[in-house]
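Visitor: Input upload10.cif, format and content: mmCIF, C-alpha atoms.
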data_input
#
loop_
_atom_site.label_atom_id
_atom_site.label_comp_id
_atom_site.auth_asym_id
_atom_site.auth_seq_id
_atom_site.Cartn_x
_atom_site.Cartn_y
_atom_site.Cartn_z
CA MET A 1 0.00 0.00 0.00
CA GLU A 2 1.27 3.43 -0.90
CA LEU A 3 0.73 6.40 1.37
CA ALA A 4 -0.99 8.27 -1.47
CA GLU A 5 -3.65 5.55 -1.62
CA ILE A 6 -5.00 6.26 1.85
CA ILE A 7 -4.67 10.05 1.95
CA PRO A 8 -8.05 11.59 1.07
CA LYS A 9 -8.20 13.86 -1.93
CA SER A 10 -8.57 17.54 -1.18
CA GLY A 11 -12.06 18.29 0.12
CA GLU A 12 -13.09 14.65 0.55
CA VAL A 13 -14.22 13.42 3.95
CA ARG A 14 -15.26 9.96 5.03
CA THR A 15 -19.02 9.59 5.51
CA LEU A 16 -20.96 6.94 7.38
CA TYR A 17 -22.28 5.51 4.13
CA CYS A 18 -20.59 2.69 2.22
CA ASP A 19 -19.04 3.73 -1.11
CA ASP A 20 -19.97 0.36 -2.61
CA CYS A 21 -23.61 -0.06 -1.60
CA GLY A 22 -24.66 3.13 0.21
CA HIS A 23 -25.62 1.35 3.44
CA SER A 24 -24.80 3.01 6.77
CA MET A 25 -21.76 1.51 8.50
CA ASP A 26 -20.74 0.58 12.05
CA LEU A 27 -17.62 1.67 13.91
CA THR A 28 -15.33 -1.33 14.52
CA PHE A 29 -11.89 -1.82 16.06
CA PRO A 30 -9.82 -4.39 14.14
CA ASP A 31 -6.04 -4.42 14.12
CA PHE A 32 -4.30 -2.68 11.22
CA THR A 33 -1.20 -4.33 9.75
CA ASP A 34 0.23 -3.29 6.39
CA TYR A 35 3.29 -2.05 4.60
CA VAL A 36 2.74 1.62 3.87
CA SER A 37 5.28 3.08 1.44
CA GLY A 38 8.05 0.82 2.76
CA VAL A 39 7.15 1.01 6.46
CA GLN A 40 5.40 -1.83 8.22
CA ILE A 41 2.73 -0.28 10.43
CA GLN A 42 0.93 -2.30 13.09
CA ILE A 43 -1.82 -0.63 15.12
CA SER A 44 -4.07 -2.56 17.45
CA ASN A 45 -7.75 -1.60 17.80
CA LEU A 46 -7.67 1.01 15.05
CA PRO A 47 -11.17 2.41 14.40
CA HIS A 48 -12.61 1.43 11.02
CA LEU A 49 -16.03 1.65 9.42
CA ASP A 50 -17.53 -1.71 8.44
CA CYS A 51 -20.55 -2.15 6.20
CA PRO A 52 -22.93 -4.83 7.55
CA ALA A 53 -24.63 -5.08 4.16
CA CYS A 54 -21.71 -5.86 1.85
CA SER A 55 -18.78 -6.36 4.30
CA SER A 56 -16.73 -3.46 2.87
CA ARG A 57 -14.27 -1.84 5.28
CA TYR A 58 -12.90 1.71 5.32
CA LEU A 59 -10.47 3.72 7.42
CA THR A 60 -11.92 6.62 9.37
CA ASP A 61 -10.46 10.07 8.73
CA ASN A 62 -8.77 10.14 12.13
CA GLY A 63 -7.47 6.61 11.57
CA THR A 64 -5.95 7.72 8.27
CA PHE A 65 -4.29 10.71 9.92
CA ALA A 66 -2.82 8.39 12.58
CA ILE A 67 -1.26 6.16 9.92
CA VAL A 68 0.15 9.15 8.03
CA GLU A 69 1.67 10.59 11.20
CA LEU A 70 3.19 7.25 12.28
CA HIS A 71 4.71 6.86 8.81
CA ARG A 72 6.20 10.36 9.02
CA GLN A 73 7.73 9.62 12.42
CA ALA A 74 9.16 6.30 11.23
CA VAL A 75 10.79 7.88 8.17
CA ALA A 76 12.24 10.66 10.33
CA LYS A 77 13.81 8.01 12.59
CA GLY A 78 14.96 5.84 9.71
CA SER A 79 12.80 2.96 10.92
CA ASP A 80 10.86 0.51 8.73
CA LEU A 81 8.62 -0.84 11.52
CA VAL A 82 6.04 0.79 13.81
CA ARG A 83 4.03 -1.05 16.45
CA VAL A 84 1.32 0.82 18.40
CA ASN A 85 -1.19 -0.48 20.94
CA ARG A 86 -3.94 2.08 20.53
CA LYS A 87 -5.85 2.96 23.68
CA LYS A 88 -9.42 4.15 23.60
CA ARG A 89 -10.05 7.89 23.63
CA GLN A 90 -11.19 9.25 26.95
CA ALA A 91 -13.98 11.76 27.14
CA ASP A 92 -12.33 15.15 27.61
CA TYR A 93 -15.67 16.89 28.08
CA LYS A 94 -18.37 16.83 30.72
CA PHE A 95 -22.06 17.69 30.50
CA THR A 96 -23.49 16.06 33.62
CA ASP A 97 -22.50 14.48 36.92
CA VAL A 98 -24.61 11.42 36.12
CA PRO A 99 -22.19 8.59 35.20
CA PHE A 100 -23.54 7.68 31.78
CA LEU A 101 -21.76 4.98 29.78
CA VAL A 102 -20.05 6.98 27.05
CA ASP A 103 -17.53 5.91 24.45
CA ALA A 104 -15.51 8.88 23.25
CA ASP A 105 -14.32 6.85 20.25
CA ASP A 106 -17.86 7.17 18.89
CA TYR A 107 -17.69 10.94 19.08
CA TYR A 108 -14.22 11.28 17.59
CA TYR A 109 -14.37 8.56 14.92
CA ILE A 110 -17.99 8.27 13.72
CA PRO A 111 -18.28 10.72 10.80
CA GLY A 112 -20.20 13.90 11.44
CA LEU A 113 -20.27 13.92 15.24
CA TYR A 114 -17.15 15.90 16.15
CA ARG A 115 -17.61 19.64 16.51
CA SER A 116 -14.94 22.18 17.39
CA PHE A 117 -17.65 24.09 19.25
CA ASP A 118 -19.65 22.52 22.09
CA PRO A 119 -17.34 19.46 22.08
CA GLY A 120 -18.94 16.19 23.12
CA PHE A 121 -22.56 17.30 22.69
CA LEU A 122 -23.15 14.74 19.93
CA THR A 123 -21.71 11.80 21.86
CA PRO A 124 -24.28 9.04 21.37
CA LEU A 125 -25.75 7.33 24.41
CA PHE A 126 -27.27 3.88 23.95
CA PHE A 127 -30.27 2.55 25.88
CA ASN A 128 -32.46 -0.49 26.16
CA LYS A 129 -35.72 -0.02 24.27
CA THR A 130 -37.56 -0.21 27.61
CA VAL A 131 -36.51 3.39 28.19
CA LEU A 132 -39.22 4.56 25.77
CA SER A 133 -42.09 2.74 27.46
CA LYS A 134 -40.85 4.03 30.81
CA PHE A 135 -40.91 7.63 29.63
CA ASP A 136 -44.31 7.14 27.98
CA THR A 137 -45.81 6.41 31.40
CA LEU A 138 -44.22 9.40 33.16
CA PRO A 139 -46.54 12.37 33.75
CA GLY A 140 -45.57 15.29 31.53
CA TYR A 141 -43.80 13.16 28.92
CA GLU A 142 -44.96 11.57 25.68
CA VAL A 143 -43.15 9.49 23.09
CA ARG A 144 -43.87 10.36 19.46
CA PHE A 145 -42.62 8.48 16.41
CA ALA A 146 -41.89 10.40 13.21
CA SER A 147 -40.94 7.15 11.49
CA GLN A 148 -40.01 3.60 12.43
CA SER A 149 -36.56 4.56 13.78
CA TYR A 150 -36.83 8.28 14.59
CA GLY A 151 -38.90 10.10 17.16
CA THR A 152 -38.99 12.48 20.09
CA ILE A 153 -39.61 12.35 23.81
CA ASN A 154 -41.77 15.44 24.26
CA MET A 155 -41.88 17.54 27.41
CA SER A 156 -43.93 20.60 28.25
CA GLU A 157 -41.39 23.06 26.87
CA ASP A 158 -38.74 20.94 25.14
CA TYR A 159 -38.09 17.61 23.50
CA ILE A 160 -35.31 15.06 23.09
CA PRO A 161 -34.83 13.38 19.70
CA PHE A 162 -34.06 9.67 19.68
CA GLY A 163 -33.29 6.98 17.16
CA ILE A 164 -33.47 3.19 17.08
CA ASN A 165 -30.53 1.38 15.50
CA ARG A 166 -30.52 -1.93 13.67
CA HIS A 167 -29.88 -3.81 16.93
CA GLY A 168 -32.95 -2.31 18.59
CA LYS A 169 -30.97 0.04 20.82
CA VAL A 170 -32.33 3.54 21.49
CA ILE A 171 -29.86 6.36 20.78
CA MET A 172 -29.84 9.91 22.19
CA TRP A 173 -27.22 12.67 22.28
CA LEU A 174 -25.38 13.27 25.55
CA GLY A 175 -25.89 17.02 25.21
CA ASP A 176 -29.66 16.63 24.89
CA VAL A 177 -29.93 14.22 27.81
CA SER A 178 -27.91 16.55 30.04
CA LYS A 179 -30.69 19.15 29.76
CA LEU A 180 -33.06 16.94 31.75
CA PRO A 181 -33.48 17.26 35.52
CA GLU A 182 -30.87 15.14 37.28
CA SER A 183 -33.49 12.80 38.73
CA GLU A 184 -34.67 11.93 35.24
CA GLN A 185 -31.11 11.56 33.99
CA PHE A 186 -30.64 8.88 36.65
CA TYR A 187 -33.87 7.33 35.36
CA LEU A 188 -32.25 7.17 31.93
CA ARG A 189 -28.99 5.89 33.39
CA SER A 190 -30.79 2.80 34.67
CA GLU A 191 -31.45 1.80 31.04
CA ASN A 192 -28.07 3.00 29.67
CA VAL A 193 -25.98 0.26 28.02
CA PRO A 194 -22.48 0.20 26.47
CA SER A 195 -22.22 1.46 22.92
CA ASP A 196 -22.58 -1.06 20.10
CA HIS A 197 -21.13 1.58 17.72
CA ALA A 198 -24.04 1.18 15.26
CA ILE A 199 -25.56 4.60 14.83
CA GLY A 200 -27.01 4.29 11.34
CA SER A 201 -30.74 5.17 11.40
CA GLU A 202 -33.19 7.77 10.19
CA PHE A 203 -32.21 9.60 13.37
CA TYR A 204 -28.61 9.95 12.16
CA ASP A 205 -29.73 10.69 8.59
CA GLY A 206 -31.90 13.59 9.74
CA GLN A 207 -29.84 14.93 12.65
CA ILE A 208 -26.35 14.70 11.13
CA SER A 209 -26.46 14.08 7.39
CA CYS A 210 -29.57 16.20 6.68
CA ILE A 211 -30.84 13.42 4.41
CA PHE A 212 -34.57 13.76 3.92
CA THR A 213 -35.77 11.36 1.26
CA ASP A 214 -39.39 10.67 0.39
CA PRO A 215 -40.58 8.64 3.38
CA PRO A 216 -41.89 5.10 2.80
CA ILE A 217 -45.55 4.40 3.40
CA GLU A 218 -44.73 2.81 6.77
CA ALA A 219 -43.08 6.02 8.02
CA ILE A 220 -46.06 8.11 6.86
CA ALA A 221 -48.42 5.78 8.70
CA ILE A 222 -46.39 5.85 11.92
CA LYS A 223 -46.23 9.65 11.77
CA GLY A 224 -49.98 9.78 11.17
CA ARG A 225 -50.53 7.57 14.20
CA SER A 226 -48.54 10.00 16.37
CA ALA A 227 -50.43 13.00 14.98
CA LEU A 228 -53.79 11.36 15.71
CA ALA A 229 -52.66 10.43 19.22
CA LYS A 230 -51.65 14.03 19.89
CA ALA A 231 -54.97 15.42 18.63
CA PHE A 232 -56.86 12.86 20.74
CA GLU A 233 -54.92 13.79 23.87
CA VAL A 234 -55.46 17.51 23.31
CA GLU A 235 -59.20 16.99 22.85
CA PHE A 236 -59.87 14.47 25.62
CA SER A 237 -56.88 14.82 27.99
CA ALA A 238 -56.36 11.08 27.62
CA LYS A 239 -53.87 8.87 25.82
CA LEU A 240 -55.04 6.99 22.76
CA PHE A 241 -52.24 4.42 22.61
CA HIS A 242 -50.02 2.74 25.16
CA LEU A 243 -46.40 1.86 24.49
CA ASP A 244 -44.57 -1.29 25.54
CA ASP A 245 -41.24 -2.88 24.67
CA GLU A 246 -42.68 -5.32 22.15
CA LEU A 247 -44.46 -2.50 20.36
CA VAL A 248 -41.22 -0.50 20.07
CA ASP A 249 -39.64 -3.50 18.36
CA THR A 250 -42.61 -3.96 16.04
CA ILE A 251 -42.59 -0.30 14.97
CA ALA A 252 -38.84 -0.29 14.37
CA ARG A 253 -39.02 -3.44 12.24
CA LEU A 254 -42.10 -2.59 10.19
CA THR A 255 -41.13 -3.15 6.57
CA PRO A 256 -43.09 -4.16 3.47
CA PRO A 257 -43.47 -7.91 2.88
CA VAL A 258 -41.13 -9.38 0.29
CA ILE A 259 -42.80 -12.68 -0.56
CA ASP A 260 -46.40 -13.85 -0.37
CA THR A 261 -46.45 -16.84 1.98
CA GLU A 262 -48.67 -17.95 4.82
CA LYS A 263 -45.94 -17.05 7.32
CA GLU A 264 -45.41 -13.58 5.82
CA ARG A 265 -49.15 -12.86 5.83
CA LYS A 266 -49.42 -13.80 9.49
CA HIS A 267 -46.39 -11.64 10.35
CA ALA A 268 -47.56 -8.63 8.31
CA PHE A 269 -51.11 -8.52 9.65
CA ASP A 270 -50.01 -9.30 13.20
CA SER A 271 -47.52 -6.39 13.05
CA LEU A 272 -50.07 -3.94 11.65
CA ASN A 273 -52.67 -5.03 14.19
CA ARG A 274 -50.22 -4.68 17.07
CA ILE A 275 -49.23 -1.14 16.04
CA PHE A 276 -52.61 0.30 15.10
CA VAL A 277 -55.21 -1.75 17.00
CA GLU A 278 -53.78 -3.79 19.86
CA SER A 279 -51.85 -0.77 21.18
CA LEU A 280 -55.05 1.20 21.75
CA ASP A 281 -55.34 1.95 25.47
CA ASN A 282 -58.51 -0.07 26.05
CA ALA A 283 -58.73 0.57 29.78
CA GLY A 284 -58.19 4.28 29.22
CA LEU A 285 -60.83 4.34 26.49
CA GLU A 286 -63.35 2.67 28.79
CA LYS A 287 -62.64 5.21 31.53
CA LEU A 288 -62.97 8.10 29.09
CA ALA A 289 -66.23 6.74 27.67
CA ARG A 290 -67.69 6.49 31.18
CA THR A 291 -66.57 10.04 31.92
CA LEU A 292 -68.33 11.21 28.76
CA GLY A 293 -71.50 9.39 29.83
CA LEU A 294 -71.48 7.04 26.84
CA LYS A 295 -73.28 3.71 26.81
CA LEU A 296 -70.86 1.04 25.68
CA THR A 297 -72.16 -2.00 23.83
CA SER A 298 -68.78 -3.72 23.45
CA SER A 299 -65.59 -4.23 25.44
CA GLY A 300 -63.43 -4.05 22.30
CA SER A 301 -61.00 -1.14 21.99
CA LEU A 302 -62.09 -0.23 18.44
CA LYS A 303 -65.77 -0.14 19.42
CA ARG A 304 -64.96 2.00 22.44
CA LEU A 305 -62.91 4.37 20.29
CA GLN A 306 -65.72 4.54 17.76
CA ALA A 307 -68.24 5.46 20.46
CA ILE A 308 -65.97 8.22 21.80
CA LEU A 309 -65.32 9.70 18.36
CA GLU A 310 -68.98 9.49 17.39
CA SER A 311 -69.73 11.69 20.40
CA LYS A 312 -68.05 14.37 18.27
CA ASP A 313 -69.54 13.42 14.90
CA THR A 314 -72.61 11.33 14.06
CA SER A 315 -72.43 11.71 10.26
CA GLY A 316 -71.02 8.24 9.70
CA LEU A 317 -67.51 9.55 9.04
CA VAL A 318 -66.09 7.78 12.08
CA ALA A 319 -67.33 4.32 11.14
CA THR A 320 -66.03 4.72 7.60
CA ALA A 321 -62.65 6.02 8.81
CA LEU A 322 -62.19 3.12 11.22
CA SER A 323 -62.94 0.53 8.54
CA PRO A 324 -59.26 -0.24 7.69
CA PHE A 325 -58.56 -0.76 11.40
CA TYR A 326 -61.39 -3.30 11.64
CA VAL A 327 -60.08 -4.95 8.46
CA THR A 328 -56.60 -5.20 9.97
CA TYR A 329 -58.02 -6.89 13.05
CA ASP A 330 -60.04 -9.31 10.91
CA LEU A 331 -56.99 -10.24 8.82
CA ARG A 332 -54.98 -10.87 11.94
CA ILE A 333 -57.74 -13.20 13.18
CA ALA A 334 -57.94 -14.90 9.78
CA TYR A 335 -54.33 -16.01 10.00
CA SER A 336 -54.39 -17.06 13.64
CA HIS A 337 -54.08 -20.76 14.32
CA LEU A 338 -57.50 -20.93 16.00
CA THR A 339 -59.52 -19.93 12.94
CA SER A 340 -61.43 -22.54 10.93
CA ALA A 341 -60.99 -22.70 7.15
CA SER A 342 -64.53 -21.50 6.46
CA ARG A 343 -64.30 -18.64 8.93
CA ARG A 344 -60.93 -17.65 7.48
CA GLN A 345 -62.27 -17.48 3.96
CA GLU A 346 -65.22 -15.41 5.12
CA LEU A 347 -62.91 -12.92 6.83
CA LEU A 348 -60.56 -12.76 3.83
CA ASP A 349 -63.39 -12.19 1.33
CA THR A 350 -64.95 -9.48 3.48
CA ALA A 351 -61.59 -7.77 4.06
CA ALA A 352 -60.74 -7.69 0.36
CA ASP A 353 -64.18 -6.29 -0.46
CA ARG A 354 -63.89 -3.53 2.16
CA LEU A 355 -60.46 -2.62 0.82
CA GLY A 356 -61.77 -2.50 -2.73
CA LEU A 357 -59.57 -5.40 -3.86
CA ALA A 358 -60.16 -8.69 -5.63
CA LYS A 359 -60.71 -11.69 -3.35
CA ASP A 360 -57.47 -13.27 -4.57
CA ALA A 361 -55.43 -10.08 -3.95
CA ARG A 362 -51.75 -10.67 -3.23
CA LEU A 363 -50.17 -9.77 0.10
CA ASP A 364 -48.39 -6.67 -1.21
CA ALA A 365 -51.70 -5.28 -2.50
CA LEU A 366 -53.47 -5.98 0.81
CA TYR A 367 -50.63 -4.48 2.86
CA SER A 368 -50.41 -1.34 0.69
CA ALA A 369 -54.18 -0.81 0.65
CA ILE A 370 -54.47 -1.13 4.42
CA LEU A 371 -51.70 1.39 5.11
CA SER A 372 -52.90 3.82 2.43
CA GLN A 373 -56.45 3.77 3.80
CA MET A 374 -55.23 4.01 7.39
CA ILE A 375 -53.18 7.09 6.54
CA ALA A 376 -56.20 8.78 4.96
CA SER A 377 -58.43 7.72 7.86
CA MET A 378 -56.08 8.99 10.57
CA GLU A 379 -55.89 12.35 8.80
CA LYS A 380 -59.70 12.58 8.73
CA LEU A 381 -60.01 11.64 12.38
CA LYS A 382 -57.27 14.07 13.37
CA ASN A 383 -59.08 16.87 11.51
CA LEU A 384 -62.33 15.86 13.23
CA LEU A 385 -60.71 16.21 16.64
CA GLN A 386 -59.12 19.54 15.79
#
Can you turn what I pasted into structure tokens?
Guide:
Amino acid sequence: MELAEIIPKSGEVRTLYCDDCGHSMDLTFPDFTDYVSGVQIQISNLPHLDCPACSSRYLTDNGTFAIVELHRQAVAKGSDLVRVNRKKRQADYKFTDVPFLVDADDYYYIPGLYRSFDPGFLTPLFFNKTVLSKFDTLPGYEVRFASQSYGTINMSEDYIPFGINRHGKVIMWLGDVSKLPESEQFYLRSENVPSDHAIGSEFYDGQISCIFTDPPIEAIAIKGRSALAKAFEVEFSAKLFHLDDELVDTIARLTPPVIDTEKERKHAFDSLNRIFVESLDNAGLEKLARTLGLKLTSSGSLKRLQAILESKDTSGLVATALSPFYVTYDLRIAYSHLTSASRRQELLDTAADRLGLAKDARLDALYSAILSQMIASMEKLKNLLQ
């Protein structure tokens, strides 16, 4: 390897995205051993960027600079061998007295995080996904998803953005977390885990790379769900959905089905039902309905929600808008193991008809129709509440 091969061209900086496939990469720490322009350089634990999609590997900018400097020193000393045992960077900044698990290597080696001003603010903190459900139950806090892997923890006068990485870990910035009251920082600390150095997510794309592509239909639906929940809470001073750890996983992993199989159908409809129907706060809806003086004819969450919304509008809009939610529930039942063949076919035929599809519609058509109609319905219901 020649020194010129690893020195970036003027103006070029290493990004988090793989040159070969465009996928976001993870920070890794393999050993570096190579002959560089006549000097054998050995560095243990040198930060690299590895692509989990295509297995490509790249030097970080700071890693490149380290190699160049070691080569310069070796030439100056007339040596043809350099051995270095690299030690991890220590955090030379402090934002809080709460002992969060931080890895300064993330801040200094992951592209886009280092700033000459406000150093350390963008140090990523990693948490168990349970941290979101915990905050969702705290008075004065609410968790809102803008997409499957990007959202905010909202407070009365501020908010903290968060992301969810490909391992299901929740990511926040140290600087943002330090703005919380110390008691709540300790609350976060209880769910804080060591960095897995995988920061690629819509959170990173939006916060660091300013990449805003046309969102997929799943992201639009998740955002619509959050908007409806907010309008519902403003109108009724009650939460529409509850959040648990399994739901966080389901939201983060919601992707369009690839193949049309029995297993994929069960997974797709179970996921959609869990996010948009099963997560309705049934106990809270019952309490709200009683407070409003409504007579309930069913213990189901959708029926209770329908009764509450129809207290605002009796034109038939509510029943029509909730149709794709009922369809989602029916499709989930159709593919459960306890459903008879005749009952399944009845549910499938009715669902296809209500979605405006042929009875033999493929999974991708069913999935797309449900989400499209849900998005339109949630917008109508949000407007009704506002």
Visitor: Give as a PyMOL selection string the residues that the PyMOL selection byres ((chain A and resi 170) around 8) matches when applied to the coordinates above.
Guide: chain A and resi 126-129+131+162-165+168-169+171-172
Visitor: Can you translate the PyMOL selection byres ((chain A and resi 242-252) around 8) into the concrete residues it hits in this file, as a PyMOL selection string?
Guide: chain A and resi 129-130+132-133+136+148-149+164+168+222+239-241+253-254+271+274-275+279-281
Visitor: Might you pull out every residue within 10 Å of Phe65 in chain A, with only C-alpha atoms counted and same-chain residues fewer than 4 positions away left off, and present them as a ChimeraX atom specification?
Guide: /A:6-8,59-61,69-71
Visitor: Using the chain letters and numbering of this document, enumerate as a PyMOL selection string the residues selected by the PyMOL selection byres ((chain A and resi 155) around 7).
Guide: chain A and resi 140-142+153-154+156-159
Visitor: Please dump the current selection as a tab-separated table (two decimals), keeping the file's coordinate frame; keep C-alpha atoms.
Guide:
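Below is the file result-v7.tsv, written as the result:
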chain	number	residue	atom	x	y	z
A	140	GLY	CA	-45.57	15.29	31.53
A	141	TYR	CA	-43.80	13.16	28.92
A	142	GLU	CA	-44.96	11.57	25.68
A	153	ILE	CA	-39.61	12.35	23.81
A	154	ASN	CA	-41.77	15.44	24.26
A	156	SER	CA	-43.93	20.60	28.25
A	157	GLU	CA	-41.39	23.06	26.87
A	158	ASP	CA	-38.74	20.94	25.14
A	159	TYR	CA	-38.09	17.61	23.50
Visitor: Please, what distance in Å, to one decimal, runs between CA of Asp80 in chain A and CA of Arg57 in chain A?
Guide: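 So the two atoms, CA of Asp80 in chain A and CA of Arg57 in chain A, lie 25.5 Å apart.
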Visitor: Name the residues, using the chain letters and numbers of the file, that sit within 12 Å of (-63.1, -2.4, 22.5) when counting all atoms listed in the file, and give them as a list in words.
Guide: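 Checking each residue against the 12 Å limit leaves Val277, Glu278, Ser279, Leu280, Asp281, Asn282, Ala283, Gly284, Leu285, Glu286, Lys287, Ala289, Leu296, Thr297, Ser298, Ser299, Gly300, Ser301, Leu302, Lys303, Arg304, Leu305, Gln306, Ala307, Ile308, Tyr326 and Tyr329 of chain A.
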Visitor: What are the closest atom pairs, with distances in Å to one decimal, for each residue of range 65-111 of chain A lying within 12 Å of range 174-179 of chain A, using all atoms listed in the file, rows by chain and rising residue number, as a tab-separated table?
Guide:
residue	atom	partner	partner_atom	distance
A:Ala91	CA	A:Leu174	CA	11.6
A:Tyr93	CA	A:Gly175	CA	10.6
A:Lys94	CA	A:Gly175	CA	9.3
A:Phe95	CA	A:Ser178	CA	6.0
A:Thr96	CA	A:Ser178	CA	5.7
A:Asp97	CA	A:Ser178	CA	9.0
A:Val98	CA	A:Ser178	CA	8.6
A:Pro99	CA	A:Ser178	CA	11.1
A:Phe100	CA	A:Leu174	CA	8.6
A:Leu101	CA	A:Leu174	CA	10.0
A:Val102	CA	A:Leu174	CA	8.4
A:Asp103	CA	A:Leu174	CA	10.8
A:Ala104	CA	A:Leu174	CA	11.0
A:Asp106	CA	A:Leu174	CA	11.8
A:Tyr107	CA	A:Leu174	CA	10.3
Visitor: Since we have the selection now, will you write its residues out, keeping C-alpha atoms, as a short mmCIF file (atom, residue, chain, number, x, y, z; two decimals), in the frame of the given file?
Guide:
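See again-v9.cif below for the written result:
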data_model
loop_
_atom_site.label_atom_id
_atom_site.label_comp_id
_atom_site.auth_asym_id
_atom_site.auth_seq_id
_atom_site.Cartn_x
_atom_site.Cartn_y
_atom_site.Cartn_z
CA ALA A 91 -13.98 11.76 27.14
CA TYR A 93 -15.67 16.89 28.08
CA LYS A 94 -18.37 16.83 30.72
CA PHE A 95 -22.06 17.69 30.50
CA THR A 96 -23.49 16.06 33.62
CA ASP A 97 -22.50 14.48 36.92
CA VAL A 98 -24.61 11.42 36.12
CA PRO A 99 -22.19 8.59 35.20
CA PHE A 100 -23.54 7.68 31.78
CA LEU A 101 -21.76 4.98 29.78
CA VAL A 102 -20.05 6.98 27.05
CA ASP A 103 -17.53 5.91 24.45
CA ALA A 104 -15.51 8.88 23.25
CA ASP A 106 -17.86 7.17 18.89
CA TYR A 107 -17.69 10.94 19.08
#
Visitor: Within 8 Å of Ala268 in chain A, counting all atoms listed in the file, which residues show up once you throw out same-chain ones fewer than 6 positions away? Write them as a list of chain:residue names, please.
Guide: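 So, after excluding close chain neighbours, the residues are A:Pro256, A:Pro257, A:Tyr367.
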Visitor: Would you be able to write out as a list of chain:residue names which residues have an atom within 6 Å of (-57.6, -11.0, 6.4) in the file's coordinates, counting all atoms listed in the file?
Guide: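 Residues with an atom at most 6 Å from (-57.6, -11.0, 6.4): A:Asp330, A:Leu331, A:Ala334, A:Leu347, A:Leu348, A:Ala351.
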Visitor: Start from the incomplete input, build all heavy atoms for range 363-367 of chain A, and deliver everything as a PDB file, keeping the file's coordinate frame.
Guide:
ATOM      1  N   LEU A 363     -50.512 -10.382  -1.180  1.00  0.00           N
ATOM      2  CA  LEU A 363     -50.170  -9.770   0.100  1.00  0.00           C
ATOM      3  C   LEU A 363     -49.709  -8.328  -0.058  1.00  0.00           C
ATOM      4  O   LEU A 363     -50.108  -7.460   0.724  1.00  0.00           O
ATOM      5  CB  LEU A 363     -49.068 -10.597   0.785  1.00  0.00           C
ATOM      6  CG  LEU A 363     -48.472 -10.008   2.066  1.00  0.00           C
ATOM      7  CD1 LEU A 363     -49.544  -9.751   3.109  1.00  0.00           C
ATOM      8  CD2 LEU A 363     -47.399 -10.939   2.627  1.00  0.00           C
ATOM      9  N   ASP A 364     -48.875  -8.039  -1.056  1.00  0.00           N
ATOM     10  CA  ASP A 364     -48.390  -6.670  -1.210  1.00  0.00           C
ATOM     11  C   ASP A 364     -49.521  -5.690  -1.475  1.00  0.00           C
ATOM     12  O   ASP A 364     -49.502  -4.551  -0.995  1.00  0.00           O
ATOM     13  CB  ASP A 364     -47.311  -6.585  -2.298  1.00  0.00           C
ATOM     14  CG  ASP A 364     -47.791  -7.097  -3.638  1.00  0.00           C
ATOM     15  OD1 ASP A 364     -48.870  -7.699  -3.720  1.00  0.00           O
ATOM     16  OD2 ASP A 364     -47.058  -6.896  -4.630  1.00  0.00           O
ATOM     17  N   ALA A 365     -50.550  -6.139  -2.215  1.00  0.00           N
ATOM     18  CA  ALA A 365     -51.700  -5.280  -2.500  1.00  0.00           C
ATOM     19  C   ALA A 365     -52.524  -5.045  -1.229  1.00  0.00           C
ATOM     20  O   ALA A 365     -52.961  -3.917  -0.953  1.00  0.00           O
ATOM     21  CB  ALA A 365     -52.558  -5.888  -3.591  1.00  0.00           C
ATOM     22  N   LEU A 366     -52.731  -6.105  -0.445  1.00  0.00           N
ATOM     23  CA  LEU A 366     -53.470  -5.980   0.810  1.00  0.00           C
ATOM     24  C   LEU A 366     -52.749  -5.041   1.781  1.00  0.00           C
ATOM     25  O   LEU A 366     -53.346  -4.137   2.375  1.00  0.00           O
ATOM     26  CB  LEU A 366     -53.646  -7.353   1.456  1.00  0.00           C
ATOM     27  CG  LEU A 366     -54.615  -8.320   0.773  1.00  0.00           C
ATOM     28  CD1 LEU A 366     -54.407  -9.734   1.309  1.00  0.00           C
ATOM     29  CD2 LEU A 366     -56.054  -7.879   0.998  1.00  0.00           C
ATOM     30  N   TYR A 367     -51.465  -5.266   1.940  1.00  0.00           N
ATOM     31  CA  TYR A 367     -50.630  -4.480   2.860  1.00  0.00           C
ATOM     32  C   TYR A 367     -50.655  -2.998   2.464  1.00  0.00           C
ATOM     33  O   TYR A 367     -50.870  -2.113   3.302  1.00  0.00           O
ATOM     34  CB  TYR A 367     -49.220  -5.037   2.820  1.00  0.00           C
ATOM     35  CG  TYR A 367     -48.201  -4.330   3.683  1.00  0.00           C
ATOM     36  CD1 TYR A 367     -48.017  -4.703   5.015  1.00  0.00           C
ATOM     37  CD2 TYR A 367     -47.392  -3.324   3.172  1.00  0.00           C
ATOM     38  CE1 TYR A 367     -47.053  -4.082   5.810  1.00  0.00           C
ATOM     39  CE2 TYR A 367     -46.436  -2.705   3.950  1.00  0.00           C
ATOM     40  CZ  TYR A 367     -46.276  -3.084   5.268  1.00  0.00           C
ATOM     41  OH  TYR A 367     -45.324  -2.453   6.050  1.00  0.00           O
TER      42      TYR A 367
END
